[in-house]
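This report concerns only the one structure given below.
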Amino acid sequence: MDFPPVHPLCVVLLLTRDLDSDAPSQPANTEALPVELLRDAPNWLLAVQNLRETDVIILLTPIVIPISQNPSDTSDPFEPLGRSLAKRHSRIRQIPYTQRSEVSHTPRLQPPNKRARNGITSTHLGFIKRGHVIILCFAPDPSQQLQQEFAEVTFAVSDNKPCIIVVCCKPTEISQALLFPTVIQAVDYSPSVLEATAALIFGEAAPSLSGRQSESTNDAQRPRLWPVEQWNEARDITSVLNLWHECTSSRFSIDQRTLASLLRRPGYAKHYVVRDPRNGEILGFCATYLSYVDKEGENLIASLAVLLVRSLSRQQGIGLSLHNHAISQLKRTRGVIRLQLGSTFPRIFYGPSSEMQLNEEWFRRRGWQLNKPDVPGQGQIVRDMILDFADWRYAEERSRQEVMSFRLCTQEDMVGVLEIVEMTSARQAKMGWYDQYLSLMNGPNVKDVVLGVKNDTVVATALTYTPFCGSQIASNLPWAGRIGNDIGGVTCLCLTSPTQDSGISGLLDAAIENLRSQGMTKIFIDGVTDDADILMQLGFREWAQYRDVWKDI
């Protein structure tokens with residue numbers, strides 16, 4: 001059959017269908033693969049895997065008889081394909097069509113909108129023109145010929161967009177008939193096979209281009225969806241701690257008591273595990289949190305704080321299953337306006353650590369941008385820094401400081417302090433800061449707040465803590481205490497004027513003196529972005545580096 005000129009990114013998927021229950025059974029082919037890439041000459045699948053988050057996939061699916069052939073079954077057999085694709089790319093539009101064209105004998109050169117009342121109509125063509133990737137599914141009866149003119153119409157109006165064609169017929173009948181540049185074959189359109197098909201399209205399964213692998217090898221490599229369970233601290237904490245040590249560097253070494261404290265946030269945290277069905281061993285773990293954005297208590301930031309998978313169990317869909325389940329649960333929570341890869345408070349990791357191996361492409365396909373080091377939310381570099389008091393160089397800057405005095409906070413100061421924190425949080429998009437200050441209200445740790453005062457007005461604030469101070473902030477920021485018992489911390493620095501560089505150094509000097517009086521010899525500061533150069537000039541050094549990654553919803 002003559003085909004239109006070659007269109008970029010034309011991908012064909014073949015799903016074997018045999019609904020004739022009276023046909024004699026055939027011997028099982030133990031070497032058959034549920035999903036197999038037969039050819040991909042132009043390497044077009046890679047381009048499909050590189051969609052932007054805003055790109056739309058149009059999924060055109062035929063109205064067919066369910067595999068069960070149960071008259072009471074009214075489900076759409078191709079709905080699992082739509083769901084599986086949506087787990088990998090959020091913008092999926094599924095539109096059904098009728099396969100049997102009432103005028104299938106109409107000459108192919110007739111205009112598409114005059115071709116038939118069934119099949120690919122002008123409605124479908126409108127969706128095709130608006131989409132960025134088109135997936136056209138076929139499921140012909142064994143007695144029917146494949147209506148390839150539908151594909152030709154799709155290609156004709158697709159404007160060189162990626163076109164993925166899914167065909168359900170016996171492999172022996174289509175290997176020569178379909179002259180598409182890229183061909184994938186699948187054994188049927190059962191939910192499990194459609195899930196594997198979506199995984200292959202998005203690069204989560206190793207394709208076989210020639211020959212056939214053994215069934216056992218393919219099963220071991222093919223990603224799949226795993227059952228996800230909510231974790232149980234008493235049962236799972238030891239296994240999760242072992243998984244932590246396997247997946248993180250020695251810099252982030254942690255003990256069981258500290259890890260349990262970080263994860264134990266009733267009402268604000270849900271954590272999940274995937275287990276080996278054979279022995280119950282934990283293969284993957286995911287931690288999630290909710291934090292209030294500001295004092296209003298209505299908007300929330302949802303954090304995917306930790307995602308860990310055992311090294312020998314990777315590339316099998318465990319991380320995908322945990323990620324998708326966690327994100328789905330977080331999005332269902334009323335008031336969530338932002339998703340974060342990392343966490344605010346408690347702060348396990350600000351974002352992906354530079355010391356951890358990370359498949360950036362895997363995260364990018366799920367809508368996370370990590371490659372813009374100067375853009376907040378899309379990979380901006382963030383640092384945790386540490387200073388030995390002996391290296392503090394503030395005395396060199398003292399003569400250039402504006403007239404500002406520093407003292408510790410009292411209960412009478414807290415209303416004004418919270419106003420400054422609210423203003424700074426809104427200006428700098430520092431989510432969760434307000435709650436950290438509010439937790440000290442009417443408590444003994446209010447003295448941990450250091451104030452900068454100018455003309456009898458509070459113009460700057462900072463939170464200090466020590467490993468044993470007993471405040472919420474010390475339990476929310478664990479790394480200073482993990483480094484050593486003589487290391488205090490300072491966090492959530494707020495200044496009424498964003499240009500008060502000298503105020504920062506003076507505020508830090510007051511924090512250092514407060515911590516020194518409590519026996520500390522070093523100070524730890526977290527989440528540093530724009531002020532890193534200033535702090536290095538004052539004697540700080542980098543302890544860890546992360547990327548700031550989030551997206552508003």
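Letters A, B, ... go to the chains of the structure tokens in the order shown; residues in each chain start at 1; ligands are counted from 1 in the same order.
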Spatial neighbours of region 466-470 of chain A, max dist 7 Å, only C-alpha atoms, sep filter under 5 positions, as an MDAnalysis selection string: chainID A and resid 481 485 487:489
Save out the residues we just selected, N, CA and C atoms, as an mmCIF file, in the first residue's frame.
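Final output, saved to out_25.cif:
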```
data_model
loop_
_atom_site.group_PDB
_atom_site.id
_atom_site.type_symbol
_atom_site.label_atom_id
_atom_site.label_comp_id
_atom_site.auth_asym_id
_atom_site.auth_seq_id
_atom_site.Cartn_x
_atom_site.Cartn_y
_atom_site.Cartn_z
ATOM 1 N N GLY A 481 22.627 18.607 64.814
ATOM 2 C CA GLY A 481 22.823 17.684 65.927
ATOM 3 C C GLY A 481 23.477 16.389 65.519
ATOM 4 N N ASN A 485 27.447 17.214 68.951
ATOM 5 C CA ASN A 485 26.681 17.792 70.046
ATOM 6 C C ASN A 485 27.072 19.234 70.354
ATOM 7 N N ILE A 487 27.343 21.576 68.036
ATOM 8 C CA ILE A 487 26.973 22.379 66.871
ATOM 9 C C ILE A 487 25.543 22.863 67.027
ATOM 10 N N GLY A 488 25.371 24.179 67.086
ATOM 11 C CA GLY A 488 24.049 24.770 67.103
ATOM 12 C C GLY A 488 23.638 25.183 65.711
ATOM 13 N N GLY A 489 22.415 25.693 65.601
ATOM 14 C CA GLY A 489 21.922 26.081 64.289
ATOM 15 C C GLY A 489 21.227 27.414 64.306
#
```
Within 6 Å of region 377-393 of chain A using only C-alpha atoms, minus same-chain residues under 4 positions, as JSON, numbers by chain: {"A": [369, 370, 371, 372, 373, 521, 522, 523, 524, 525, 526, 527, 528, 529, 538, 539, 540, 541, 542, 543, 544, 545, 546, 547, 548, 549, 550]}
Leu308 (chain A): which residues within 12 Å, counting only C-alpha atoms, same-chain residues fewer than 5 positions away excluded, as number ranges by chain? A: 239-248, 271-274, 282-287, 313-314, 318-323, 352, 356-358
Can I get the selection written as a JSON list (two decimals), in the first residue's frame, with C-alpha atoms?
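Printed below is again-v3.json as written:
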```json
[["chain", "number", "residue", "atom", "x", "y", "z"],
["A", 239, "SER", "CA", 14.01, -2.03, 57.57],
["A", 240, "VAL", "CA", 13.58, 1.58, 56.44],
["A", 241, "LEU", "CA", 16.68, 2.59, 58.40],
["A", 242, "ASN", "CA", 18.69, -0.14, 56.64],
["A", 243, "LEU", "CA", 17.33, 1.06, 53.29],
["A", 244, "TRP", "CA", 18.30, 4.63, 54.23],
["A", 245, "HIS", "CA", 21.90, 3.63, 54.92],
["A", 246, "GLU", "CA", 22.07, 1.71, 51.63],
["A", 247, "CYS", "CA", 20.78, 4.62, 49.53],
["A", 248, "THR", "CA", 22.34, 7.70, 51.17],
["A", 271, "HIS", "CA", 4.68, 7.27, 54.35],
["A", 272, "TYR", "CA", 4.53, 4.30, 52.00],
["A", 273, "VAL", "CA", 6.40, 1.07, 51.28],
["A", 274, "VAL", "CA", 6.59, -1.54, 48.54],
["A", 282, "ILE", "CA", 10.80, -3.68, 52.01],
["A", 283, "LEU", "CA", 12.08, -2.86, 48.52],
["A", 284, "GLY", "CA", 11.15, 0.82, 48.43],
["A", 285, "PHE", "CA", 10.09, 3.61, 50.76],
["A", 286, "CYS", "CA", 8.52, 7.04, 50.28],
["A", 287, "ALA", "CA", 7.96, 9.79, 52.88],
["A", 313, "SER", "CA", 15.48, -3.78, 42.86],
["A", 314, "ARG", "CA", 15.68, -0.69, 40.68],
["A", 318, "ILE", "CA", 9.03, 0.26, 42.38],
["A", 319, "GLY", "CA", 10.02, 3.92, 42.45],
["A", 320, "LEU", "CA", 7.36, 4.72, 39.86],
["A", 321, "SER", "CA", 4.68, 2.97, 41.90],
["A", 322, "LEU", "CA", 5.65, 4.83, 45.08],
["A", 323, "HIS", "CA", 5.99, 8.19, 43.32],
["A", 352, "PRO", "CA", 17.67, 16.33, 45.64],
["A", 356, "MET", "CA", 22.99, 11.16, 45.49],
["A", 357, "GLN", "CA", 22.72, 9.48, 42.12],
["A", 358, "LEU", "CA", 19.62, 10.83, 40.43]]
```
Within 6 Å of region 57-72 of chain A using only C-alpha atoms, minus same-chain residues under 5 positions, as an MDAnalysis selection string: chainID A and resid 77 92:99 131:137
Residues within 9 Å of Leu46 (chain A), only C-alpha atoms, excluding chain neighbours under 3 positions, as a PyMOL selection string: chain A and resi 43+49-50+201-203
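The closest residue to Asp294 (chain A), picked from A:Val449, A:Leu418, A:Ala139, A:Ile120 and counting only C-alpha atoms, is A:Leu418.
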Extract, using only C-alpha atoms, all DNA, RNA and protein residues at most 12 Å from Val415 (chain A), discarding same-chain residues fewer than 2 positions from it, and format them as a PyMOL selection string. chain A and resi 409-413+417-422+434+437-438+440-442+446+458
Just-selected residues, C-alpha atoms written as a PDB file, in the first residue's frame:
```
ATOM      1  CA  CYS A 409      13.379  37.856  72.146  1.00  0.00           C
ATOM      2  CA  THR A 410      10.743  38.051  74.897  1.00  0.00           C
ATOM      3  CA  GLN A 411       7.080  37.090  74.872  1.00  0.00           C
ATOM      4  CA  GLU A 412       6.160  40.761  74.477  1.00  0.00           C
ATOM      5  CA  ASP A 413       8.112  40.872  71.191  1.00  0.00           C
ATOM      6  CA  VAL A 417       8.174  39.209  65.310  1.00  0.00           C
ATOM      7  CA  LEU A 418       5.372  37.191  63.686  1.00  0.00           C
ATOM      8  CA  GLU A 419       4.420  40.205  61.571  1.00  0.00           C
ATOM      9  CA  ILE A 420       7.993  40.474  60.270  1.00  0.00           C
ATOM     10  CA  VAL A 421       8.110  36.732  59.574  1.00  0.00           C
ATOM     11  CA  GLU A 422       4.795  36.861  57.712  1.00  0.00           C
ATOM     12  CA  TYR A 434       5.640  31.270  60.125  1.00  0.00           C
ATOM     13  CA  TYR A 437       8.177  30.932  64.954  1.00  0.00           C
ATOM     14  CA  LEU A 438       4.591  30.431  66.059  1.00  0.00           C
ATOM     15  CA  LEU A 440       7.660  29.189  70.260  1.00  0.00           C
ATOM     16  CA  MET A 441       4.797  31.486  71.299  1.00  0.00           C
ATOM     17  CA  ASN A 442       4.148  31.366  75.072  1.00  0.00           C
ATOM     18  CA  VAL A 446      11.100  32.153  72.877  1.00  0.00           C
ATOM     19  CA  VAL A 458      12.517  45.200  65.556  1.00  0.00           C
TER      20      VAL A 458
END
```
Surrounding residues of region 154-158 of chain A excluding itself and chain neighbours under 2 positions, 9 Å, only C-alpha atoms, as an MDAnalysis selection string: chainID A and resid 4 7 10 120 124:125 128:129 131:134 136 149:152 160:163
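Taking CA of Glu53 (chain A) as the reference point, CA of Lys551 (chain A) is found at 10.8 Å.
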Residues of region 312-485 of chain A classed as strand (DSSP E) by DSSP on the backbone are to be reported as a PyMOL selection string. chain A and resi 336-341+378-388+405-408+449-454+457-465
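The coordinates place CA of Ile237 (chain A) at 18.9 Å from CA of Ser250 (chain A).
Going from CA of Gln316 (chain A) to CA of Ser328 (chain A) covers 19.9 Å.
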From the list A:Ala198, A:Asp73, A:Arg52, A:Ala86, which residue is nearest Glu36 (chain A) when using only C-alpha atoms? A:Ala198
Alpha helix (DSSP H) positions in region 297-543 of chain A, given as an MDAnalysis selection string: chainID A and resid 318:331 360:364 414:428 433:438 472:476 479:483 501:516 532:537
Among A:Gly82, A:Ser343, A:Tyr394, A:Gly267, Ala305 (chain A) is approached most closely, using only C-alpha atoms, by A:Ser343
